[in-house]
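Below is one structure, written out as structure tokens, with a few remarks after it.
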Amino acid sequence: METIHDNSSLKLKKEFLEAEDFLPLNGTDHVELYVGNAKQTAHFYKTAFGFQSLAYAGLETGMKDRVSYVLEQDKIRLVITSPLTPGGPINEHLEKHGDGVKNVALWVDDADKSYRETTSRGAESSFEPYSIEDENGKVTLSGIKTYGDTVHVFVDRSNYTGVFMPGYKKWESHYNPSNAGLKYIDHMVGNVGWGEMNKWVDFYAKVMGFAQLVSFDDKDISTEYTALMSKVMTNGNGRIKFPINEPAEGKKKSQIEEYIDFYQGAGVQHIAVATNNIFETVDRLKDYGVEFLYVPDSYYDDLLERVGDIDEEIGELSKRGILVDRDDEGYLLQLFTKPVADRPTLFFEIIQRKGAKSFGKGNFKALFEAIEREQENRGTL
Ligand code: FE2
């Protein structure tokens, strides 16, 4: 595998500044996961991550072939969907990928225009624009394909006042564990196969009008054993950030390759959710049973030399396994969960930004070394 050296970053930034934003995005609307047992998975996200019950669609609402639970925490909405009958696209997705992210839905003002602007620039259609209505108004949806079997759904809900979407009813539950302080989705990372990173970087640049925020090659992100490359794409207002990872050659199997093996292709590797108080959030999530990757004490030995002055005490960081990194504008605190389902694929990141708007390269290495220790246990390194 050859290292990719190019100056596309600068070129993209320039083009981006000159271009009109043909795809204005208000933020992430929701993330839909296809899972084997939506009822139990929804319970897990309430119990373990402090999500709240929001909406439900299933047999009771006239949906015959599937069931969906919608959970929310501040601005984050997860839709958890399972099929009720054999066969069909959801079962195919499950058999191939296991539990994972199907739809990364983006909140737009015009789902028709979003579809036209992206498909005319080369996006492959997932589904054409259509509207659904009930007594609370109208939602318009359209969808384009991105890496693997993942879809970007464009959601225009400007004329809707209901709980989530037509077809859903409010999900009332007597079980409402308190939230964990999770605020919004900071970024979502895609793992793609060998030689595919630049193809998808180009997709986000040309088809969706994103710019490249930062690029790390395999010299930046290699451990003793494995390597990978990563480029971060962002939309015009910076609310949407999509890093794209590709495996690189190392002495042992790249963790991106492990993901690709178990997910059977490209897909969402992690969902990063932001908090304003990472100590409180992590303490609560741990109490709730969320498992985090272990960070060795040695990570903290020369931390201040690497990242400079920070507000937090090292001991408070190390006892929770929180990583610190810096970019030009400030620093950020982050840590990573273990995979949330059976296959070693999707996991979550908890992030608190303190000035940094981008990413530093230091934590990539720490993250990947932590994952390698897990890979070793799984026999997949
Ligand atoms: Fe991340």
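Chain identifiers are assigned as A, B, and so on, following the order in which chains appear in the structure tokens; residues are numbered from 1 within each chain, and ligands are numbered from 1 in order of appearance.
The residue set within 12 Å of Glu224 of chain A, counting only C-alpha atoms and dropping same-chain residues fewer than 4 places from it, reads Asp218, Lys219, Glu249, Gly250, Lys251, Lys252, Lys253, Ser254, Lys365, Ala366, Phe368, Glu369, Glu372, Arg373 and Leu381 of chain A.
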_Neighbouring residues of ligand 1 are defined here as those with any atom at most 8 Å from a ligand atom, counting only C-alpha atoms and all ligand atoms; list them as a list in words._
His187, Met188, Val189, Pro243, His270, Ile271, Ala272 and Glu349 of chain A
*Please indicate the distance in Å from atom CA of Asp220 of chain A to atom CA of Met233 of chain A, rounded to one decimal place.*
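The value is 17.6 Å.
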For the structure I just gave you, how does DSSP split segment 11-84 of chain A - specifically, which residues are strand (DSSP E)? Reply as a compact mmCIF listing (two decimals) with all heavy atoms, in the first residue's frame.
# COMPACT_ATOMS: atom_id res chain seq x y z
N GLY A 27 -27.86 20.28 10.50
CA GLY A 27 -27.28 19.42 11.52
C GLY A 27 -27.65 17.97 11.24
O GLY A 27 -28.22 17.66 10.19
N THR A 28 -27.34 17.09 12.20
CA THR A 28 -27.73 15.69 12.06
C THR A 28 -29.18 15.57 12.52
O THR A 28 -29.51 16.00 13.63
CB THR A 28 -26.84 14.80 12.95
OG1 THR A 28 -25.47 15.09 12.66
CG2 THR A 28 -27.09 13.32 12.69
N ASP A 29 -30.04 15.01 11.70
CA ASP A 29 -31.43 14.83 12.11
C ASP A 29 -31.58 13.62 13.02
O ASP A 29 -32.13 13.70 14.11
CB ASP A 29 -32.34 14.69 10.89
CG ASP A 29 -33.80 14.74 11.29
OD1 ASP A 29 -34.37 13.66 11.61
OD2 ASP A 29 -34.37 15.84 11.32
N HIS A 30 -31.10 12.48 12.56
CA HIS A 30 -31.11 11.28 13.39
C HIS A 30 -30.15 10.25 12.79
O HIS A 30 -29.70 10.41 11.66
CB HIS A 30 -32.53 10.69 13.52
CG HIS A 30 -33.09 10.17 12.22
ND1 HIS A 30 -33.87 10.93 11.39
CD2 HIS A 30 -32.99 8.96 11.61
CE1 HIS A 30 -34.23 10.22 10.32
NE2 HIS A 30 -33.71 9.02 10.44
N VAL A 31 -29.87 9.23 13.57
CA VAL A 31 -29.08 8.11 13.09
C VAL A 31 -29.93 6.86 13.27
O VAL A 31 -30.44 6.61 14.36
CB VAL A 31 -27.77 7.96 13.90
CG1 VAL A 31 -26.97 6.77 13.41
CG2 VAL A 31 -26.94 9.23 13.80
N GLU A 32 -30.12 6.11 12.20
CA GLU A 32 -30.94 4.89 12.29
C GLU A 32 -30.05 3.65 12.26
O GLU A 32 -29.24 3.48 11.35
CB GLU A 32 -31.96 4.81 11.16
CG GLU A 32 -32.85 3.57 11.27
CD GLU A 32 -34.07 3.60 10.36
OE1 GLU A 32 -34.11 4.42 9.43
OE2 GLU A 32 -34.98 2.78 10.60
N LEU A 33 -30.23 2.82 13.28
CA LEU A 33 -29.50 1.55 13.34
C LEU A 33 -30.45 0.41 13.00
O LEU A 33 -31.59 0.39 13.47
CB LEU A 33 -28.94 1.31 14.75
CG LEU A 33 -27.79 2.20 15.20
CD1 LEU A 33 -28.33 3.48 15.84
CD2 LEU A 33 -26.92 1.46 16.21
N TYR A 34 -29.99 -0.51 12.19
CA TYR A 34 -30.70 -1.77 11.99
C TYR A 34 -30.12 -2.78 12.98
O TYR A 34 -28.90 -2.98 13.02
CB TYR A 34 -30.49 -2.29 10.56
CG TYR A 34 -31.30 -1.59 9.49
CD1 TYR A 34 -31.13 -1.94 8.15
CD2 TYR A 34 -32.24 -0.62 9.79
CE1 TYR A 34 -31.87 -1.32 7.14
CE2 TYR A 34 -32.98 0.00 8.81
CZ TYR A 34 -32.79 -0.35 7.48
OH TYR A 34 -33.52 0.26 6.49
N GLN A 52 -33.68 8.97 26.25
CA GLN A 52 -35.07 9.05 26.67
C GLN A 52 -35.99 8.49 25.59
O GLN A 52 -35.70 8.65 24.40
CB GLN A 52 -35.47 10.51 26.94
CG GLN A 52 -34.44 11.29 27.75
CD GLN A 52 -34.26 10.77 29.17
OE1 GLN A 52 -35.25 10.60 29.87
NE2 GLN A 52 -33.03 10.49 29.58
N SER A 53 -37.09 7.91 25.99
CA SER A 53 -38.09 7.41 25.04
C SER A 53 -38.74 8.59 24.32
O SER A 53 -39.16 9.54 24.96
CB SER A 53 -39.17 6.64 25.78
OG SER A 53 -38.60 5.60 26.53
N LEU A 54 -38.83 8.52 23.00
CA LEU A 54 -39.45 9.63 22.27
C LEU A 54 -40.63 9.16 21.41
O LEU A 54 -41.73 9.68 21.55
CB LEU A 54 -38.41 10.33 21.37
CG LEU A 54 -38.97 11.48 20.54
CD1 LEU A 54 -39.41 12.64 21.42
CD2 LEU A 54 -37.96 11.97 19.51
N ALA A 55 -40.40 8.21 20.52
CA ALA A 55 -41.47 7.83 19.58
C ALA A 55 -41.34 6.36 19.23
O ALA A 55 -40.29 5.74 19.40
CB ALA A 55 -41.39 8.70 18.32
N TYR A 56 -42.44 5.83 18.71
CA TYR A 56 -42.51 4.41 18.40
C TYR A 56 -43.35 4.20 17.15
O TYR A 56 -44.35 4.89 16.94
CB TYR A 56 -43.15 3.67 19.58
CG TYR A 56 -43.56 2.25 19.29
CD1 TYR A 56 -42.63 1.21 19.36
CD2 TYR A 56 -44.87 1.95 18.92
CE1 TYR A 56 -43.00 -0.10 19.08
CE2 TYR A 56 -45.25 0.64 18.63
CZ TYR A 56 -44.30 -0.37 18.72
OH TYR A 56 -44.66 -1.66 18.43
N ALA A 57 -42.93 3.26 16.32
CA ALA A 57 -43.75 2.82 15.19
C ALA A 57 -43.66 1.31 15.12
O ALA A 57 -42.58 0.74 15.28
CB ALA A 57 -43.26 3.46 13.88
N ARG A 66 -42.04 -3.97 10.22
CA ARG A 66 -40.89 -3.54 11.02
C ARG A 66 -41.34 -2.80 12.25
O ARG A 66 -42.51 -2.43 12.39
CB ARG A 66 -39.98 -2.63 10.20
CG ARG A 66 -40.66 -1.32 9.85
CD ARG A 66 -39.70 -0.32 9.27
NE ARG A 66 -39.34 -0.63 7.90
CZ ARG A 66 -38.50 0.08 7.18
NH1 ARG A 66 -37.90 1.12 7.71
NH2 ARG A 66 -38.25 -0.24 5.94
N VAL A 67 -40.38 -2.59 13.16
CA VAL A 67 -40.66 -1.82 14.37
C VAL A 67 -39.50 -0.85 14.56
O VAL A 67 -38.34 -1.19 14.29
CB VAL A 67 -40.84 -2.77 15.58
CG1 VAL A 67 -39.61 -3.62 15.79
CG2 VAL A 67 -41.19 -2.00 16.83
N SER A 68 -39.82 0.38 14.97
CA SER A 68 -38.78 1.38 15.21
C SER A 68 -39.02 2.10 16.52
O SER A 68 -40.14 2.56 16.79
CB SER A 68 -38.74 2.43 14.08
OG SER A 68 -38.30 1.87 12.88
N TYR A 69 -37.98 2.19 17.33
CA TYR A 69 -38.01 2.96 18.57
C TYR A 69 -37.12 4.19 18.38
O TYR A 69 -35.99 4.05 17.94
CB TYR A 69 -37.46 2.14 19.74
CG TYR A 69 -38.34 0.97 20.12
CD1 TYR A 69 -38.25 -0.24 19.45
CD2 TYR A 69 -39.26 1.09 21.16
CE1 TYR A 69 -39.06 -1.32 19.79
CE2 TYR A 69 -40.07 0.01 21.53
CZ TYR A 69 -39.95 -1.18 20.84
OH TYR A 69 -40.75 -2.24 21.19
N VAL A 70 -37.65 5.37 18.71
CA VAL A 70 -36.86 6.59 18.61
C VAL A 70 -36.50 7.07 20.01
O VAL A 70 -37.37 7.19 20.88
CB VAL A 70 -37.63 7.70 17.86
CG1 VAL A 70 -36.69 8.89 17.59
CG2 VAL A 70 -38.21 7.18 16.56
N LEU A 71 -35.20 7.30 20.20
CA LEU A 71 -34.68 7.74 21.49
C LEU A 71 -34.05 9.10 21.31
O LEU A 71 -33.50 9.39 20.24
CB LEU A 71 -33.61 6.77 21.98
CG LEU A 71 -34.07 5.34 22.15
CD1 LEU A 71 -33.05 4.38 21.59
CD2 LEU A 71 -34.32 5.06 23.60
N GLU A 72 -34.09 9.92 22.37
CA GLU A 72 -33.41 11.21 22.24
C GLU A 72 -32.66 11.55 23.51
O GLU A 72 -32.98 11.07 24.61
CB GLU A 72 -34.40 12.33 21.90
CG GLU A 72 -35.27 12.76 23.03
CD GLU A 72 -36.13 13.98 22.69
OE1 GLU A 72 -35.82 14.70 21.72
OE2 GLU A 72 -37.12 14.20 23.41
N GLN A 73 -31.64 12.37 23.33
CA GLN A 73 -30.91 12.97 24.43
C GLN A 73 -30.43 14.32 23.92
O GLN A 73 -29.62 14.37 23.00
CB GLN A 73 -29.75 12.08 24.87
CG GLN A 73 -29.11 12.53 26.16
CD GLN A 73 -28.29 11.46 26.87
OE1 GLN A 73 -27.67 11.73 27.87
NE2 GLN A 73 -28.27 10.25 26.35
N ILE A 76 -29.58 14.76 20.19
CA ILE A 76 -29.26 13.48 19.54
C ILE A 76 -30.52 12.63 19.43
O ILE A 76 -31.24 12.46 20.42
CB ILE A 76 -28.22 12.69 20.38
CG1 ILE A 76 -27.03 13.58 20.74
CG2 ILE A 76 -27.77 11.44 19.62
CD1 ILE A 76 -26.19 13.02 21.87
N ARG A 77 -30.77 12.11 18.24
CA ARG A 77 -31.89 11.18 18.07
C ARG A 77 -31.39 9.90 17.42
O ARG A 77 -30.75 9.93 16.37
CB ARG A 77 -32.96 11.79 17.17
CG ARG A 77 -33.97 12.64 17.91
CD ARG A 77 -35.19 12.92 17.07
NE ARG A 77 -34.84 13.69 15.90
CZ ARG A 77 -35.22 14.94 15.68
NH1 ARG A 77 -35.99 15.55 16.52
NH2 ARG A 77 -34.84 15.57 14.59
N LEU A 78 -31.66 8.78 18.08
CA LEU A 78 -31.35 7.47 17.52
C LEU A 78 -32.66 6.78 17.15
O LEU A 78 -33.63 6.82 17.93
CB LEU A 78 -30.62 6.58 18.53
CG LEU A 78 -29.29 7.07 19.09
CD1 LEU A 78 -28.73 6.03 20.08
CD2 LEU A 78 -28.27 7.31 17.97
N VAL A 79 -32.70 6.16 15.99
CA VAL A 79 -33.85 5.34 15.59
C VAL A 79 -33.35 3.90 15.53
O VAL A 79 -32.36 3.60 14.86
CB VAL A 79 -34.40 5.77 14.22
CG1 VAL A 79 -35.59 4.90 13.82
CG2 VAL A 79 -34.79 7.24 14.24
N ILE A 80 -34.00 3.02 16.28
CA ILE A 80 -33.57 1.63 16.38
C ILE A 80 -34.63 0.77 15.69
O ILE A 80 -35.78 0.73 16.15
CB ILE A 80 -33.44 1.20 17.86
CG1 ILE A 80 -32.67 2.23 18.69
CG2 ILE A 80 -32.83 -0.19 17.96
CD1 ILE A 80 -31.22 2.36 18.36
N THR A 81 -34.24 0.09 14.62
CA THR A 81 -35.22 -0.59 13.78
C THR A 81 -34.89 -2.08 13.63
O THR A 81 -33.73 -2.45 13.44
CB THR A 81 -35.24 0.06 12.37
OG1 THR A 81 -35.69 1.41 12.52
CG2 THR A 81 -36.16 -0.68 11.41
N SER A 82 -35.94 -2.92 13.73
CA SER A 82 -35.82 -4.36 13.45
C SER A 82 -36.95 -4.80 12.54
O SER A 82 -38.05 -4.24 12.60
CB SER A 82 -35.90 -5.18 14.74
OG SER A 82 -34.71 -5.08 15.49
N PRO A 83 -36.70 -5.82 11.72
CA PRO A 83 -37.78 -6.36 10.89
C PRO A 83 -38.69 -7.26 11.73
O PRO A 83 -38.25 -7.84 12.72
CB PRO A 83 -37.03 -7.18 9.84
CG PRO A 83 -35.74 -7.56 10.50
CD PRO A 83 -35.42 -6.50 11.51
*Just the residues within 12 Å of Leu141 of chain A, please, counting only C-alpha atoms, with nothing from its chain fewer than 2 positions along; format it as number ranges by chain.*
A: 29, 103, 105-115, 126-133, 138-139, 143-144, 152-158, 165-166
*Can you pull out every residue within 10 Å of Tyr299 of chain A, counting only C-alpha atoms, but drop anything in the same chain fewer than 6 positions away, and send it as a list in words?*
Ser318, Gly321, Ile322, Leu323, Val324, Asn363 and Ala366 of chain A
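Residues in contact range of Phe242 of chain A, defined as at most 10 Å between only C-alpha atoms, with sequence neighbours fewer than 6 positions away removed, read Asp186, His187, Met188, Val189, Gly190, Val201, Tyr204, Phe210, Gln212, Leu213, Lys231, Val232, Met233, Thr234, Asn235, Val268 and Ile271 of chain A.
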Got time to write the residues from that selection, N, CA and C atoms, as a CSV table (one decimal), in the first residue's frame?
chain,number,residue,atom,x,y,z
A,186,ASP,N,-21.1,15.0,17.5
A,186,ASP,CA,-20.0,15.9,17.1
A,186,ASP,C,-19.4,15.4,15.7
A,187,HIS,N,-19.3,14.1,15.5
A,187,HIS,CA,-18.8,13.6,14.3
A,187,HIS,C,-19.2,12.1,14.2
A,188,MET,N,-19.2,11.6,12.9
A,188,MET,CA,-19.4,10.2,12.7
A,188,MET,C,-18.4,9.7,11.7
A,189,VAL,N,-17.7,8.6,12.1
A,189,VAL,CA,-16.5,8.2,11.3
A,189,VAL,C,-16.9,7.0,10.5
A,190,GLY,N,-16.5,7.0,9.2
A,190,GLY,CA,-16.7,5.9,8.3
A,190,GLY,C,-15.4,5.1,8.1
A,201,VAL,N,-13.5,10.7,0.0
A,201,VAL,CA,-13.2,12.1,0.2
A,201,VAL,C,-13.7,12.9,-1.0
A,204,TYR,N,-17.5,13.3,-0.8
A,204,TYR,CA,-18.0,14.4,0.1
A,204,TYR,C,-17.6,15.8,-0.4
A,210,PHE,N,-18.5,19.3,0.7
A,210,PHE,CA,-17.7,19.4,2.0
A,210,PHE,C,-16.2,19.8,1.7
A,212,GLN,N,-12.0,19.5,3.1
A,212,GLN,CA,-11.2,18.6,4.0
A,212,GLN,C,-10.6,19.5,5.1
A,213,LEU,N,-10.9,19.0,6.3
A,213,LEU,CA,-10.5,19.8,7.5
A,213,LEU,C,-9.0,19.4,7.9
A,231,LYS,N,-8.9,11.0,6.8
A,231,LYS,CA,-9.1,12.4,6.3
A,231,LYS,C,-10.5,12.8,6.9
A,232,VAL,N,-10.5,14.1,7.3
A,232,VAL,CA,-11.8,14.6,8.0
A,232,VAL,C,-12.4,15.5,7.0
A,233,MET,N,-13.7,15.2,6.7
A,233,MET,CA,-14.5,16.1,5.8
A,233,MET,C,-15.5,16.8,6.6
A,234,THR,N,-15.7,18.1,6.3
A,234,THR,CA,-16.7,18.9,7.0
A,234,THR,C,-17.6,19.7,6.1
A,235,ASN,N,-18.8,20.0,6.5
A,235,ASN,CA,-19.7,20.8,5.7
A,235,ASN,C,-19.4,22.3,5.9
A,268,VAL,N,-20.2,2.7,9.3
A,268,VAL,CA,-19.9,3.7,10.4
A,268,VAL,C,-19.1,3.0,11.5
A,271,ILE,N,-19.7,6.8,16.5
A,271,ILE,CA,-20.5,8.0,16.6
A,271,ILE,C,-20.0,8.7,17.8
*Which residues in segment 196-363 of chain A does DSSP call alpha helix (DSSP H)? List them as a VMD selection string.*
chain A and resid 197 to 202 255 to 263 278 to 287 303 to 307 314 to 320 362 to 363
Save the residues we just selected, C-alpha atoms, as a PDB file, in the first residue's frame?
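Output contents, as saved in result_25.pdb:
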ATOM      1  CA  MET A 197     -10.423   6.707   1.207  1.00  0.00           C
ATOM      2  CA  ASN A 198      -9.790   9.231  -1.552  1.00  0.00           C
ATOM      3  CA  LYS A 199     -12.796   8.055  -3.516  1.00  0.00           C
ATOM      4  CA  TRP A 200     -15.036   8.895  -0.554  1.00  0.00           C
ATOM      5  CA  VAL A 201     -13.161  12.104   0.233  1.00  0.00           C
ATOM      6  CA  ASP A 202     -13.910  13.137  -3.366  1.00  0.00           C
ATOM      7  CA  GLN A 255      -8.111  -2.516  13.071  1.00  0.00           C
ATOM      8  CA  ILE A 256      -9.860  -0.913  10.126  1.00  0.00           C
ATOM      9  CA  GLU A 257      -9.449  -4.196   8.309  1.00  0.00           C
ATOM     10  CA  GLU A 258     -10.821  -6.050  11.324  1.00  0.00           C
ATOM     11  CA  TYR A 259     -13.875  -3.798  11.145  1.00  0.00           C
ATOM     12  CA  ILE A 260     -14.244  -4.351   7.383  1.00  0.00           C
ATOM     13  CA  ASP A 261     -13.973  -8.135   7.914  1.00  0.00           C
ATOM     14  CA  PHE A 262     -16.662  -8.232  10.578  1.00  0.00           C
ATOM     15  CA  TYR A 263     -18.943  -5.626   9.019  1.00  0.00           C
ATOM     16  CA  ILE A 278     -16.917  14.859  30.439  1.00  0.00           C
ATOM     17  CA  PHE A 279     -16.169  13.896  34.057  1.00  0.00           C
ATOM     18  CA  GLU A 280     -19.838  13.794  35.046  1.00  0.00           C
ATOM     19  CA  THR A 281     -20.870  12.133  31.808  1.00  0.00           C
ATOM     20  CA  VAL A 282     -18.243   9.405  32.017  1.00  0.00           C
ATOM     21  CA  ASP A 283     -18.903   8.734  35.692  1.00  0.00           C
ATOM     22  CA  ARG A 284     -22.592   8.323  34.982  1.00  0.00           C
ATOM     23  CA  LEU A 285     -22.063   6.125  31.921  1.00  0.00           C
ATOM     24  CA  LYS A 286     -19.716   3.896  33.921  1.00  0.00           C
ATOM     25  CA  ASP A 287     -22.328   3.622  36.657  1.00  0.00           C
ATOM     26  CA  LEU A 303       0.801  14.382  28.561  1.00  0.00           C
ATOM     27  CA  LEU A 304       1.417  18.014  29.522  1.00  0.00           C
ATOM     28  CA  GLU A 305       4.533  18.137  27.361  1.00  0.00           C
ATOM     29  CA  ARG A 306       2.451  16.987  24.415  1.00  0.00           C
ATOM     30  CA  VAL A 307      -0.652  19.130  24.877  1.00  0.00           C
ATOM     31  CA  ILE A 314      -4.091  14.684  35.314  1.00  0.00           C
ATOM     32  CA  GLY A 315      -5.276  12.341  38.050  1.00  0.00           C
ATOM     33  CA  GLU A 316      -8.916  13.076  37.240  1.00  0.00           C
ATOM     34  CA  LEU A 317      -8.248  12.291  33.570  1.00  0.00           C
ATOM     35  CA  SER A 318      -6.206   9.145  34.162  1.00  0.00           C
ATOM     36  CA  LYS A 319      -8.641   7.547  36.595  1.00  0.00           C
ATOM     37  CA  ARG A 320     -11.311   7.772  33.895  1.00  0.00           C
ATOM     38  CA  GLY A 362      -1.885  12.216  19.101  1.00  0.00           C
ATOM     39  CA  ASN A 363      -5.096  10.552  20.208  1.00  0.00           C
TER      40      ASN A 363
END
_atom CA of Ala356 of chain A to atom CA of Glu329 of chain A, distance in Å rounded to a single decimal_ = 5.0 Å
*Give the answer as one residue: which of A:Gln264, A:Asn37, A:Ser298, A:Gln269 has the shortest atom-to-atom distance to Pro339 of chain A, using only C-alpha atoms?*
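Among A:Gln264, A:Asn37, A:Ser298, A:Gln269, it is A:Gln269 that comes nearest to Pro339 of chain A.
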_Which residues are close to Gly330 of chain A, i.e. within 9 Å by only C-alpha atoms, leaving aside same-chain residues fewer than 6 positions away? Reply as a VMD selection string._
chain A and resid 353 to 357
For the residues in the current selection, export N, CA and C atoms as a PDB file, in the first residue's frame.
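Output (selection.pdb):
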ATOM      1  N   ARG A 353     -15.144  19.431  23.766  1.00  0.00           N
ATOM      2  CA  ARG A 353     -14.233  20.356  23.083  1.00  0.00           C
ATOM      3  C   ARG A 353     -13.972  21.568  23.971  1.00  0.00           C
ATOM      4  N   LYS A 354     -12.705  21.914  24.093  1.00  0.00           N
ATOM      5  CA  LYS A 354     -12.340  23.128  24.821  1.00  0.00           C
ATOM      6  C   LYS A 354     -11.507  23.983  23.864  1.00  0.00           C
ATOM      7  N   GLY A 355     -12.205  24.528  22.899  1.00  0.00           N
ATOM      8  CA  GLY A 355     -11.548  25.398  21.907  1.00  0.00           C
ATOM      9  C   GLY A 355     -11.229  24.696  20.603  1.00  0.00           C
ATOM     10  N   ALA A 356     -10.771  23.461  20.669  1.00  0.00           N
ATOM     11  CA  ALA A 356     -10.388  22.747  19.438  1.00  0.00           C
ATOM     12  C   ALA A 356     -11.622  22.509  18.578  1.00  0.00           C
ATOM     13  N   LYS A 357     -11.520  22.848  17.295  1.00  0.00           N
ATOM     14  CA  LYS A 357     -12.635  22.590  16.378  1.00  0.00           C
ATOM     15  C   LYS A 357     -12.352  21.396  15.490  1.00  0.00           C
TER      16      LYS A 357
END
*asked:* Between A:Asp134, A:Phe44, A:Tyr168, A:Tyr294, which residue has the minimum interatomic distance to Met63 of chain A, considering only C-alpha atoms?
replied: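 Answer, going by the shortest atom-to-atom distance: A:Tyr168.
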